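What's in my_file_29.txt: compact mmCIF, C-alpha atoms
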```
# COMPACT_ATOMS: atom_id res chain seq x y z
CA MET M 1208 -24.62 -5.44 6.09
CA THR M 1209 -26.29 -2.93 3.91
CA GLY M 1210 -25.96 0.77 3.43
CA ALA M 1211 -23.20 3.17 4.34
CA GLU M 1212 -22.57 3.83 7.97
CA ALA M 1213 -19.94 6.11 9.40
CA ILE M 1214 -17.59 3.89 11.38
CA PRO M 1215 -15.46 5.65 13.99
CA GLY M 1216 -11.78 5.36 13.18
CA SER M 1217 -12.37 4.61 9.55
CA PRO M 1218 -10.72 6.88 7.01
CA SER M 1219 -14.01 7.12 5.13
CA VAL M 1220 -17.36 5.41 5.02
CA LEU M 1221 -16.37 3.80 1.74
CA ASP M 1222 -13.34 2.11 3.24
CA PRO M 1223 -13.32 -0.70 5.78
CA PRO M 1224 -12.74 0.19 9.44
CA TYR M 1225 -9.48 -0.65 11.17
CA ASP M 1226 -11.29 -2.51 13.91
CA TYR M 1227 -13.50 -5.18 12.37
CA PRO M 1228 -14.28 -8.05 14.78
CA GLY M 1229 -15.13 -10.47 11.97
CA TYR M 1230 -11.51 -10.32 10.82
CA ASN M 1231 -9.46 -11.62 13.74
CA SER M 1232 -6.17 -10.09 12.72
CA THR M 1233 -7.57 -6.60 13.29
CA ARG M 1234 -7.89 -7.25 17.04
CA LEU M 1235 -4.27 -6.53 18.00
CA ARG M 1236 -3.42 -4.35 15.04
CA ALA M 1237 -6.19 -1.75 14.83
CA PRO M 1238 -5.13 1.50 16.51
CA LYS M 1239 -7.29 2.48 19.48
CA MET M 1240 -6.40 6.12 20.03
CA GLY M 1241 -8.28 7.43 17.04
CA LEU M 1242 -6.74 9.13 14.05
CA ARG M 1243 -5.31 12.63 14.16
CA PRO M 1244 -6.23 15.01 11.36
CA MET M 1245 -4.01 14.57 8.35
CA PRO M 1246 -1.12 17.05 8.67
CA PRO M 1247 -1.37 20.00 6.33
CA GLY M 1248 0.69 19.36 3.25
CA SER M 1249 0.89 15.57 3.51
CA ALA M 1250 -2.18 14.97 1.40
CA ASP M 1251 -0.86 16.80 -1.65
CA LYS M 1252 2.65 15.42 -1.66
CA GLY M 1253 3.29 14.10 -5.12
CA GLY M 1254 3.56 10.46 -6.03
CA PRO M 1255 6.80 8.67 -6.74
CA VAL M 1256 8.32 8.67 -10.20
CA PHE M 1257 9.25 5.30 -11.62
CA GLY M 1258 12.09 4.99 -14.10
CA ASP M 1259 11.23 3.52 -17.48
CA GLY M 1260 13.81 0.80 -16.95
CA LEU M 1261 12.33 -0.33 -13.68
CA VAL M 1262 9.42 -2.21 -15.23
CA VAL M 1263 9.87 -4.18 -18.44
CA ALA M 1264 7.12 -5.28 -20.81
CA GLU M 1265 7.31 -8.97 -19.81
CA ASP M 1266 6.47 -8.05 -16.21
CA HIS M 1267 2.79 -7.74 -17.12
CA ASP M 1268 2.55 -11.41 -18.15
CA LEU M 1269 2.58 -13.77 -15.16
CA THR M 1270 2.52 -16.82 -17.43
CA LEU M 1271 6.04 -16.05 -18.71
CA GLY M 1272 9.44 -16.46 -17.15
CA HIS M 1273 9.41 -20.17 -16.48
CA THR M 1274 10.24 -23.23 -18.53
CA GLY M 1275 6.60 -24.08 -19.14
CA GLU M 1276 3.12 -22.61 -18.87
CA PRO M 1277 1.38 -22.46 -15.51
CA VAL M 1278 -1.60 -24.67 -14.78
CA GLY M 1279 -4.98 -22.97 -14.73
CA GLN M 1280 -7.49 -20.95 -16.68
CA ARG M 1281 -5.56 -18.27 -18.58
CA ILE M 1282 -7.09 -14.80 -18.04
CA ILE M 1283 -6.51 -11.21 -19.06
CA VAL M 1284 -7.16 -8.56 -16.43
CA THR M 1285 -7.27 -5.01 -17.69
CA GLY M 1286 -8.71 -1.69 -16.61
CA ARG M 1287 -8.22 1.98 -16.15
CA LEU M 1288 -6.64 3.83 -13.24
CA SER M 1289 -8.21 7.24 -12.75
CA ASP M 1290 -8.87 9.85 -10.12
CA SER M 1291 -12.36 10.49 -8.82
CA ALA M 1292 -12.94 13.12 -11.49
CA GLY M 1293 -12.26 10.50 -14.15
CA ARG M 1294 -8.87 11.84 -15.15
CA PRO M 1295 -6.36 9.13 -16.07
CA VAL M 1296 -3.43 8.38 -13.80
CA ARG M 1297 -0.63 8.21 -16.35
CA ARG M 1298 2.64 6.27 -16.26
CA GLN M 1299 2.12 5.06 -12.73
CA LEU M 1300 2.98 1.71 -11.20
CA VAL M 1301 0.44 -1.10 -10.83
CA GLU M 1302 1.63 -4.18 -8.94
CA ILE M 1303 -0.25 -7.47 -8.48
CA TRP M 1304 0.32 -10.69 -6.57
CA GLN M 1305 -1.85 -13.76 -6.26
CA ALA M 1306 -2.19 -17.44 -5.43
CA ASN M 1307 -1.78 -20.04 -8.16
CA ALA M 1308 -4.66 -22.00 -9.68
CA ALA M 1309 -4.64 -24.38 -6.70
CA GLY M 1310 -4.96 -21.55 -4.19
CA ARG M 1311 -1.31 -21.57 -3.03
CA TYR M 1312 1.03 -18.58 -2.81
CA ARG M 1313 4.71 -18.92 -3.56
CA HIS M 1314 5.56 -17.64 -0.09
CA ASP M 1315 7.32 -19.35 2.82
CA MET M 1316 4.49 -18.56 5.21
CA ASP M 1317 1.75 -20.13 3.07
CA ARG M 1318 1.17 -23.55 4.64
CA HIS M 1319 -1.92 -24.51 2.66
CA PRO M 1320 -1.32 -28.11 1.51
CA ALA M 1321 -2.08 -27.41 -2.13
CA PRO M 1322 0.58 -27.84 -4.82
CA LEU M 1323 2.99 -25.12 -5.83
CA ASP M 1324 3.26 -24.65 -9.58
CA PRO M 1325 6.87 -24.63 -10.79
CA ASN M 1326 5.72 -22.44 -13.68
CA PHE M 1327 3.99 -19.75 -11.65
CA THR M 1328 5.34 -17.15 -9.24
CA GLY M 1329 2.20 -15.01 -9.08
CA VAL M 1330 3.79 -11.56 -9.25
CA GLY M 1331 3.33 -8.94 -11.95
CA ARG M 1332 3.65 -5.24 -12.56
CA CYS M 1333 3.26 -2.62 -15.24
CA LEU M 1334 3.02 1.10 -15.76
CA THR M 1335 -0.28 2.61 -16.89
CA ASP M 1336 -0.38 4.09 -20.35
CA ASP M 1337 -1.21 7.69 -21.20
CA ASP M 1338 -4.93 6.96 -20.81
CA GLY M 1339 -4.46 5.26 -17.45
CA HIS M 1340 -4.90 1.73 -18.79
CA TYR M 1341 -3.08 -1.32 -17.51
CA ARG M 1342 -3.18 -4.96 -18.65
CA PHE M 1343 -2.06 -8.25 -17.13
CA VAL M 1344 -2.02 -11.82 -18.40
CA THR M 1345 -2.23 -14.44 -15.67
CA VAL M 1346 -4.20 -17.49 -14.54
CA GLN M 1347 -7.37 -17.59 -12.49
CA PRO M 1348 -6.28 -17.85 -8.84
CA GLY M 1349 -7.84 -20.53 -6.66
CA ALA M 1350 -9.77 -19.98 -3.45
CA TYR M 1351 -7.96 -21.11 -0.32
CA PRO M 1352 -8.72 -21.84 3.33
CA TRP M 1353 -7.51 -19.62 6.16
CA LYS M 1354 -7.64 -19.80 9.93
CA ASN M 1355 -9.94 -16.85 10.65
CA HIS M 1356 -12.87 -19.05 11.69
CA TYR M 1357 -14.06 -22.62 11.18
CA ASN M 1358 -14.16 -23.64 7.51
CA ALA M 1359 -13.12 -20.17 6.37
CA TRP M 1360 -12.24 -19.72 2.70
CA ARG M 1361 -10.94 -16.63 0.93
CA PRO M 1362 -12.74 -15.98 -2.34
CA ALA M 1363 -10.43 -16.04 -5.35
CA HIS M 1364 -8.70 -12.67 -5.57
CA ILE M 1365 -5.77 -10.75 -6.97
CA HIS M 1366 -3.95 -8.21 -4.78
CA PHE M 1367 -3.57 -4.81 -6.48
CA SER M 1368 -1.19 -2.06 -5.40
CA VAL M 1369 -1.52 1.29 -7.17
CA PHE M 1370 -0.09 4.78 -6.96
CA GLY M 1371 -1.86 7.93 -8.06
CA THR M 1372 -0.60 11.45 -8.33
CA SER M 1373 -0.39 12.25 -4.62
CA PHE M 1374 -0.02 10.70 -1.18
CA VAL M 1375 -3.77 10.39 -0.63
CA ASP M 1376 -4.10 8.27 -3.77
CA ARG M 1377 -1.94 5.40 -2.51
CA LEU M 1378 -4.07 2.26 -2.47
CA ILE M 1379 -3.68 -1.46 -1.90
CA THR M 1380 -6.82 -3.48 -2.52
CA GLN M 1381 -8.06 -6.82 -3.84
CA MET M 1382 -9.88 -7.69 -7.05
CA TYR M 1383 -12.54 -10.39 -6.90
CA PHE M 1384 -14.36 -12.41 -9.55
CA PRO M 1385 -18.04 -12.07 -10.45
CA GLY M 1386 -20.50 -14.61 -9.13
CA ASP M 1387 -18.25 -15.98 -6.40
CA PRO M 1388 -20.42 -17.46 -3.61
CA LEU M 1389 -17.58 -16.99 -1.12
CA LEU M 1390 -17.89 -13.19 -1.26
CA ALA M 1391 -20.97 -13.25 0.93
CA LEU M 1392 -19.06 -15.23 3.56
CA ASP M 1393 -15.74 -13.39 3.50
CA PRO M 1394 -15.16 -10.96 6.39
CA ILE M 1395 -12.44 -9.09 4.50
CA TYR M 1396 -14.76 -8.34 1.59
CA GLN M 1397 -17.74 -7.78 3.90
CA SER M 1398 -15.76 -5.28 6.00
CA ILE M 1399 -16.74 -2.67 3.42
CA GLY M 1400 -20.08 -1.51 4.76
CA ASP M 1401 -21.23 0.25 1.61
CA ARG M 1402 -22.49 -2.28 -0.93
CA ARG M 1403 -21.89 -0.03 -3.92
CA ALA M 1404 -18.29 0.47 -2.85
CA ALA M 1405 -17.77 -3.25 -2.24
CA GLU M 1406 -19.09 -4.12 -5.68
CA LEU M 1407 -16.38 -1.95 -7.20
CA LEU M 1408 -13.91 -4.66 -6.17
CA VAL M 1409 -15.63 -7.28 -8.31
CA ALA M 1410 -14.19 -7.38 -11.83
CA LYS M 1411 -16.56 -7.56 -14.77
CA PHE M 1412 -16.34 -10.45 -17.21
CA ASP M 1413 -15.82 -8.88 -20.61
CA MET M 1414 -16.14 -10.59 -23.99
CA ALA M 1415 -14.36 -7.70 -25.71
CA THR M 1416 -11.29 -8.40 -23.57
CA THR M 1417 -11.58 -12.16 -24.00
CA VAL M 1418 -9.28 -13.48 -26.74
CA GLU M 1419 -10.66 -16.27 -28.88
CA SER M 1420 -9.10 -19.69 -28.28
CA TRP M 1421 -6.71 -18.25 -25.71
CA ALA M 1422 -7.89 -16.40 -22.57
CA LEU M 1423 -10.95 -15.09 -20.73
CA GLY M 1424 -11.08 -11.35 -20.13
CA TYR M 1425 -11.96 -9.32 -17.06
CA VAL M 1426 -12.15 -5.55 -16.59
CA PHE M 1427 -11.24 -3.98 -13.26
CA ASP M 1428 -11.21 -0.17 -13.15
CA ILE M 1429 -9.62 1.55 -10.18
CA VAL M 1430 -10.48 5.02 -8.90
CA VAL M 1431 -8.12 6.70 -6.44
CA GLY M 1432 -8.41 9.94 -4.53
CA GLY M 1433 -9.19 11.46 -1.20
CA ALA M 1434 -12.36 10.67 0.70
CA GLY M 1435 -14.12 13.87 -0.21
CA PRO M 1436 -15.75 14.40 -3.58
CA THR M 1437 -13.44 16.07 -6.01
CA PRO M 1438 -14.83 19.31 -7.39
CA ALA M 1439 -15.68 18.84 -11.02
CA ASP M 1440 -13.58 20.62 -13.60
CA SER M 1441 -15.64 23.30 -15.15
CA MET P 307 -18.28 0.99 -17.37
CA ARG P 308 -15.54 3.53 -17.89
CA PRO P 309 -15.00 6.44 -15.53
CA SER P 310 -15.46 9.61 -17.48
CA ALA P 311 -14.75 13.22 -16.80
CA SER P 312 -18.17 14.41 -15.78
CA SER P 313 -19.70 16.55 -13.09
CA SER P 314 -20.45 13.56 -10.87
CA PRO P 315 -17.31 12.23 -9.20
CA CYS P 316 -16.65 8.50 -9.48
CA LEU P 317 -16.86 6.41 -6.35
CA ARG P 318 -13.40 5.70 -5.04
CA THR P 319 -12.21 2.08 -5.03
CA PRO P 320 -12.15 0.89 -1.41
CA SER P 321 -9.13 -0.49 0.36
CA GLN P 322 -8.51 -4.12 1.35
CA THR P 323 -5.75 -5.61 3.44
CA ALA P 324 -2.40 -6.26 1.78
CA GLY P 325 -2.51 -9.64 3.53
CA PRO P 326 0.24 -11.82 4.96
CA PHE P 327 2.00 -12.30 1.64
CA VAL P 328 2.51 -8.64 0.76
CA SER P 329 6.24 -9.27 0.44
CA LEU P 330 5.63 -11.56 -2.53
CA GLY P 331 4.40 -8.68 -4.67
CA THR P 332 6.34 -5.76 -3.23
CA GLU P 333 9.81 -6.98 -2.31
CA TRP P 334 11.27 -6.31 -5.75
CA LEU P 335 11.09 -2.55 -5.16
CA THR P 336 12.90 -2.58 -1.81
CA ASP P 337 16.20 -2.53 -3.69
CA ALA P 338 15.27 0.49 -5.78
CA GLY P 339 15.63 3.02 -2.98
CA MET P 340 15.89 6.63 -3.92
CA VAL P 341 19.44 7.04 -2.65
CA SER P 342 22.39 4.75 -2.29
CA GLU P 343 23.88 4.29 1.13
CA SER P 344 27.08 6.03 0.09
CA ASP P 345 25.24 9.18 -0.99
CA PRO P 346 26.07 12.12 1.31
CA SER P 347 22.36 12.74 1.88
CA ALA P 348 21.65 9.12 2.86
CA ILE P 349 20.27 8.22 6.24
CA ILE P 350 19.22 4.88 7.64
CA VAL P 351 15.92 4.54 9.45
CA PHE P 352 15.44 1.32 11.39
CA GLY P 353 13.15 -0.09 14.03
CA SER P 354 10.37 -2.58 14.64
CA VAL P 355 6.65 -2.83 14.19
CA VAL P 356 4.78 -4.40 17.11
CA ASP P 357 1.14 -5.23 17.78
CA GLY P 358 -1.06 -4.61 20.83
CA ASP P 359 0.64 -7.48 22.68
CA GLU P 360 4.06 -6.01 21.86
CA ARG P 361 4.69 -8.95 19.59
CA PRO P 362 6.63 -8.38 16.38
CA VAL P 363 4.63 -7.79 13.23
CA THR P 364 6.54 -9.92 10.77
CA ASP P 365 4.46 -9.24 7.69
CA ALA P 366 4.32 -5.45 7.44
CA MET P 367 5.43 -3.35 4.50
CA LEU P 368 6.44 0.28 5.07
CA GLU P 369 6.73 3.06 2.54
CA PHE P 370 8.65 6.27 3.15
CA TRP P 371 7.36 9.07 0.97
CA GLN P 372 9.28 12.27 0.39
CA THR P 373 8.99 13.51 -3.11
CA GLY P 374 11.65 15.91 -4.17
CA ALA P 375 12.47 17.02 -0.66
CA ALA P 376 16.22 16.60 -0.78
CA GLY P 377 16.87 17.96 -4.24
CA ALA P 378 19.17 16.49 -6.83
CA SER P 379 20.00 13.33 -4.96
CA LEU P 380 16.43 12.15 -5.53
CA ALA P 381 16.66 12.30 -9.31
CA GLY P 382 15.90 8.79 -10.46
CA SER P 383 17.91 6.64 -12.81
CA PRO P 384 15.94 4.50 -15.26
CA GLN P 385 16.35 1.56 -12.89
CA SER P 386 15.12 3.34 -9.80
CA CYS P 387 12.13 5.02 -8.38
CA SER P 388 12.37 8.45 -6.86
CA GLY P 389 10.38 9.76 -3.96
CA LEU P 390 9.67 6.40 -2.39
CA ALA P 391 11.66 3.99 -0.24
CA ARG P 392 10.06 0.68 0.67
CA ALA P 393 10.95 -1.72 3.48
CA LEU P 394 9.67 -5.08 4.67
CA CYS P 395 9.63 -6.31 8.25
CA GLY P 396 11.67 -9.42 8.95
CA PRO P 397 10.88 -12.42 11.18
CA ASP P 398 11.71 -10.26 14.24
CA GLY P 399 9.43 -7.42 13.14
CA GLY P 400 12.46 -5.29 12.29
CA TYR P 401 12.89 -3.09 9.26
CA ARG P 402 15.71 -0.98 7.87
CA VAL P 403 15.56 1.49 5.03
CA VAL P 404 18.05 3.77 3.32
CA THR P 405 16.51 7.09 2.41
CA ALA P 406 17.37 10.78 2.29
CA LYS P 407 16.84 13.25 5.07
CA PRO P 408 14.50 15.90 3.79
CA ALA P 409 14.81 19.63 4.35
CA ALA P 410 12.41 21.73 6.38
CA LEU P 411 9.39 22.66 4.26
CA PRO P 412 6.91 25.48 4.40
CA GLY P 413 3.43 24.15 5.12
CA PRO P 414 0.31 25.37 3.31
CA ALA P 415 -0.17 28.18 5.83
CA GLY P 416 3.42 29.32 5.35
CA GLN P 417 4.46 27.92 8.72
CA LEU P 418 7.75 26.04 8.55
CA GLN P 419 7.42 22.28 9.05
CA ALA P 420 10.38 20.46 10.55
CA PRO P 421 12.06 17.83 8.36
CA HIS P 422 9.88 14.76 8.27
CA ILE P 423 8.92 11.74 6.18
CA ASP P 424 5.34 10.60 5.60
CA VAL P 425 5.03 6.87 6.15
CA SER P 426 2.41 4.31 5.07
CA ILE P 427 2.15 0.94 6.81
CA PHE P 428 0.48 -2.07 5.19
CA ALA P 429 -0.01 -5.49 6.76
CA ARG P 430 -2.33 -8.39 7.40
CA GLY P 431 -5.00 -7.16 9.79
CA LEU P 432 -4.89 -3.63 8.41
CA LEU P 433 -7.92 -3.25 6.16
CA GLN P 434 -6.52 0.21 5.34
CA ARG P 435 -2.97 1.43 5.39
CA LEU P 436 -1.91 3.35 8.48
CA VAL P 437 -0.31 6.75 7.98
CA THR P 438 2.23 8.29 10.33
CA ARG P 439 5.13 10.74 10.18
CA ILE P 440 8.76 10.44 11.17
CA TYR P 441 10.56 13.47 12.58
CA PHE P 442 14.24 13.51 13.61
CA SER P 443 15.58 13.94 17.13
CA ASP P 444 18.47 16.18 16.07
CA GLU P 445 16.29 18.89 14.52
CA GLU P 446 15.68 22.09 16.45
CA ALA P 447 12.84 22.89 14.09
CA ASN P 448 10.78 20.23 15.87
CA GLU P 449 10.11 22.74 18.66
CA ALA P 450 8.03 24.90 16.34
CA ASP P 451 6.59 22.26 14.04
CA PRO P 452 2.81 22.77 13.84
CA VAL P 453 1.99 19.05 13.87
CA LEU P 454 4.24 18.22 16.82
CA VAL P 455 3.15 21.30 18.76
CA GLY P 456 -0.47 20.30 18.17
CA LEU P 457 -0.02 17.04 20.07
CA GLU P 458 -0.73 17.04 23.80
CA GLY P 459 2.50 16.69 25.68
CA PRO P 460 6.06 15.51 25.04
CA ASP P 461 5.22 11.81 25.33
CA LEU P 462 2.87 11.89 22.38
CA ARG P 463 5.25 14.12 20.42
CA ASN P 464 8.17 11.79 21.00
CA ARG P 465 6.26 8.93 19.44
CA LEU P 466 6.75 10.65 16.09
CA VAL P 467 10.43 11.44 16.59
CA ALA P 468 13.06 9.01 15.34
CA GLN P 469 16.01 8.96 17.74
CA ARG P 470 19.48 9.50 16.35
CA SER P 471 21.42 6.36 17.15
CA ASN P 472 25.13 6.09 17.78
CA ALA P 473 25.18 2.33 17.96
CA ASP P 474 27.34 0.52 15.45
CA ASP P 475 25.63 -0.83 12.41
CA LEU P 476 27.58 -3.55 10.70
CA GLY P 477 25.62 -2.96 7.55
CA SER P 478 26.49 0.72 7.47
CA ALA P 479 30.17 0.95 6.67
CA LYS P 480 29.72 4.39 5.11
CA GLY P 481 28.65 5.88 8.37
CA ALA P 482 25.31 7.24 7.21
CA PRO P 483 23.39 8.72 10.16
CA ARG P 484 21.03 6.24 11.73
CA TYR P 485 17.64 6.90 13.28
CA HIS P 486 15.55 4.53 15.38
CA PHE P 487 11.78 4.57 14.93
CA ASP P 488 9.45 1.89 16.30
CA VAL P 489 5.81 1.59 15.30
CA HIS P 490 3.32 0.48 17.95
CA LEU P 491 0.04 -0.39 16.28
CA GLN P 492 -1.74 -0.47 19.66
CA GLY P 493 -1.11 -0.20 23.37
CA ASP P 494 0.32 2.28 25.88
CA ARG P 495 2.82 3.57 23.36
CA GLU P 496 0.53 3.52 20.34
CA THR P 497 2.02 5.46 17.46
CA VAL P 498 0.24 8.64 16.39
CA PHE P 499 -1.60 7.87 13.17
CA PHE P 500 -3.24 10.30 10.78
CA GLY P 501 -6.41 10.31 8.70
CA PRO P 502 -8.79 10.42 7.04
CA TRP P 503 -7.39 11.41 3.71
```

Let me see the file written as structure tokens.
Amino acid sequence: MTGAEAIPGSPSVLDPPYDYPGYNSTRLRAPKMGLRPMPPGSADKGGPVFGDGLVVAEDHDLTLGHTGEPVGQRIIVTGRLSDSAGRPVRRQLVEIWQANAAGRYRHDMDRHPAPLDPNFTGVGRCLTDDDGHYRFVTVQPGAYPWKNHYNAWRPAHIHFSVFGTSFVDRLITQMYFPGDPLLALDPIYQSIGDRRAAELLVAKFDMATTVESWALGYVFDIVVGGAGPTPADS
Amino acid sequence: MRPSASSSPCLRTPSQTAGPFVSLGTEWLTDAGMVSESDPSAIIVFGSVVDGDERPVTDAMLEFWQTGAAGASLAGSPQSCSGLARALCGPDGGYRVVTAKPAALPGPAGQLQAPHIDVSIFARGLLQRLVTRIYFSDEEANEADPVLVGLEGPDLRNRLVAQRSNADDLGSAKGAPRYHFDVHLQGDRETVFFGPW
């Protein structure tokens, strides 16, 4: 799977297609009629506005809120949310959710027989600052098996949900960790045909973000915007 | 590497599926709807999401997007978000959301667009969100709406029109108008989806 290829029914060559046989759940869920052109006006509808009281400072730290500390490698995940021209997306909502260090989600439908952690829910959120930056404190999620095919394992990942400044910017994606051998075997990650685009989902280990004697640091920048190149400001 | 404002646009971050546990991270915002059910502008949109076998999709998350359309009632309090109402499907694939009915809007070409809500759908098995639109069955403006008129035939058009429902809703004591809108991801009644964006 190398190089960018236009996939019919895909919103853009940089995004995965709806119908991707390697990922079984697409079979009955991918639309078959083909997409209609985006209605005029929908694309530029502005993003939601989130009240300052909706998200509190503690929401960015997934290791808080319980009687003890969660098990696992403590990590900091930080980055910048921008549009494709590099302009910051300011004061917008970033939401994350993830499995615990053992690879188990705190969710009724997760049947993986790995332990739940009484000190970890795996949900965080924050608003970006005026330069588009966000920051989370959490623990390294574990890989976990799933039923897609025999001996299938999801690489460790954190789900990210972000808003930009308009409807086209809305994005839910997953952040992965560098050097993970499961990436090459994961149909969800591999569904992105363009290697350069796929690599954008792999966070960079960063010593400048790492805090001595406390937590490893990763940087994950997110760029939102429509499929077409944005004309440069000039 | 930091994105910087330069003449070469940055590559956009690709999408990945929200996965089966999307409710874990997103449920908190389903209570922060843009209007309360007792607000005079409130409406209730309800329905189901089904897959190509007509089986309920129990792990979908829907977002109803309508920034500023209904005026003052959308002004957010510090504890709320404005412009967005979020709903999760239950074990039967059903969803229910309280939102505001928007006004008719002029489109970019000056043509009047009938009242509508742009909707995003996220779920396991959707590597990208799906985008559709909800129109309302009690709006005469639908007849001249450029998007609806552009679809071939009434059957396709009706797939985007939420039907005003007169059935009782035990959860709707205030009598907010109710509209029924089902999403068919696939099949003979596949919903009309839009893209790319």

Worksheet item: Between atom CA of M:Phe1343 and atom CA of M:Asp1266, what is the spacing in Å?
Response: 8.6 Å

Practice prompt. With a distance cut-off of 7 Å and all atoms listed in the file, select the neighbouring residues of P:Ala366, excluding the residue or stretch itself and same-chain residues fewer than 4 positions from it, and output the selection as a PyMOL selection string.
Written response: chain P and resi 394-395+427-429

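The shortest atom-to-atom distance to M:Val1330, with all atoms listed in the file taken into account, belongs to P:Glu333 out of P:Glu333, P:Asp359, P:Glu369, P:Asp345.
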
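The residue that comes closest to P:Gly331, out of M:Ser1289, M:Asn1355, M:Gln1305, M:Thr1417 and on the basis of all atoms listed in the file, is M:Gln1305.
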
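Atom CA of M:Asp1226 to atom CA of M:Pro1238 spans 7.8 Å [interatomic distance, one decimal].
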
Practice prompt. Anything within 9 Å of (-8.6, 8.8, 17.1): list those residues as number ranges by chain, counting all atoms listed in the file and sticking to the file's coordinates.
Written response: M: 1215-1216, 1238-1244; P: 498-501

Worksheet item: Using only C-alpha atoms, which of the listed residues (M:His1273, M:Arg1318, M:Arg1332, M:His1267) sits closest to chain P?
Response: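 Nearest candidate to chain P out of M:His1273, M:Arg1318, M:Arg1332, M:His1267: M:Arg1332.
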
Generate N, CA and C atoms for stretch 1417-1429 of chain M and emit them as a compact mmCIF listing (two decimals), in the frame of the given file.
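Okay, result_39.txt is ready:
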```
# COMPACT_ATOMS: atom_id res chain seq x y z
N THR M 1417 -11.85 -10.74 -23.78
CA THR M 1417 -11.58 -12.16 -24.00
C THR M 1417 -10.98 -12.38 -25.38
N VAL M 1418 -9.93 -13.21 -25.46
CA VAL M 1418 -9.28 -13.48 -26.74
C VAL M 1418 -9.64 -14.90 -27.18
N GLU M 1419 -10.16 -14.99 -28.38
CA GLU M 1419 -10.66 -16.27 -28.88
C GLU M 1419 -9.59 -17.36 -28.83
N SER M 1420 -9.96 -18.50 -28.36
CA SER M 1420 -9.10 -19.69 -28.28
C SER M 1420 -7.88 -19.47 -27.39
N TRP M 1421 -7.92 -18.49 -26.51
CA TRP M 1421 -6.71 -18.25 -25.71
C TRP M 1421 -6.98 -17.89 -24.26
N ALA M 1422 -7.77 -16.85 -23.97
CA ALA M 1422 -7.89 -16.40 -22.57
C ALA M 1422 -9.19 -15.66 -22.33
N LEU M 1423 -9.78 -15.86 -21.14
CA LEU M 1423 -10.95 -15.09 -20.73
C LEU M 1423 -10.52 -13.70 -20.29
N GLY M 1424 -11.43 -12.73 -20.45
CA GLY M 1424 -11.08 -11.35 -20.13
C GLY M 1424 -11.93 -10.76 -19.02
N TYR M 1425 -11.28 -10.03 -18.14
CA TYR M 1425 -11.96 -9.32 -17.06
C TYR M 1425 -11.52 -7.86 -17.06
N VAL M 1426 -12.46 -6.97 -16.69
CA VAL M 1426 -12.15 -5.55 -16.59
C VAL M 1426 -12.29 -5.13 -15.13
N PHE M 1427 -11.25 -4.47 -14.65
CA PHE M 1427 -11.24 -3.98 -13.26
C PHE M 1427 -10.70 -2.55 -13.27
N ASP M 1428 -11.61 -1.58 -13.20
CA ASP M 1428 -11.21 -0.17 -13.15
C ASP M 1428 -10.95 0.23 -11.71
N ILE M 1429 -10.00 1.12 -11.53
CA ILE M 1429 -9.62 1.55 -10.18
C ILE M 1429 -9.67 3.07 -10.11
```
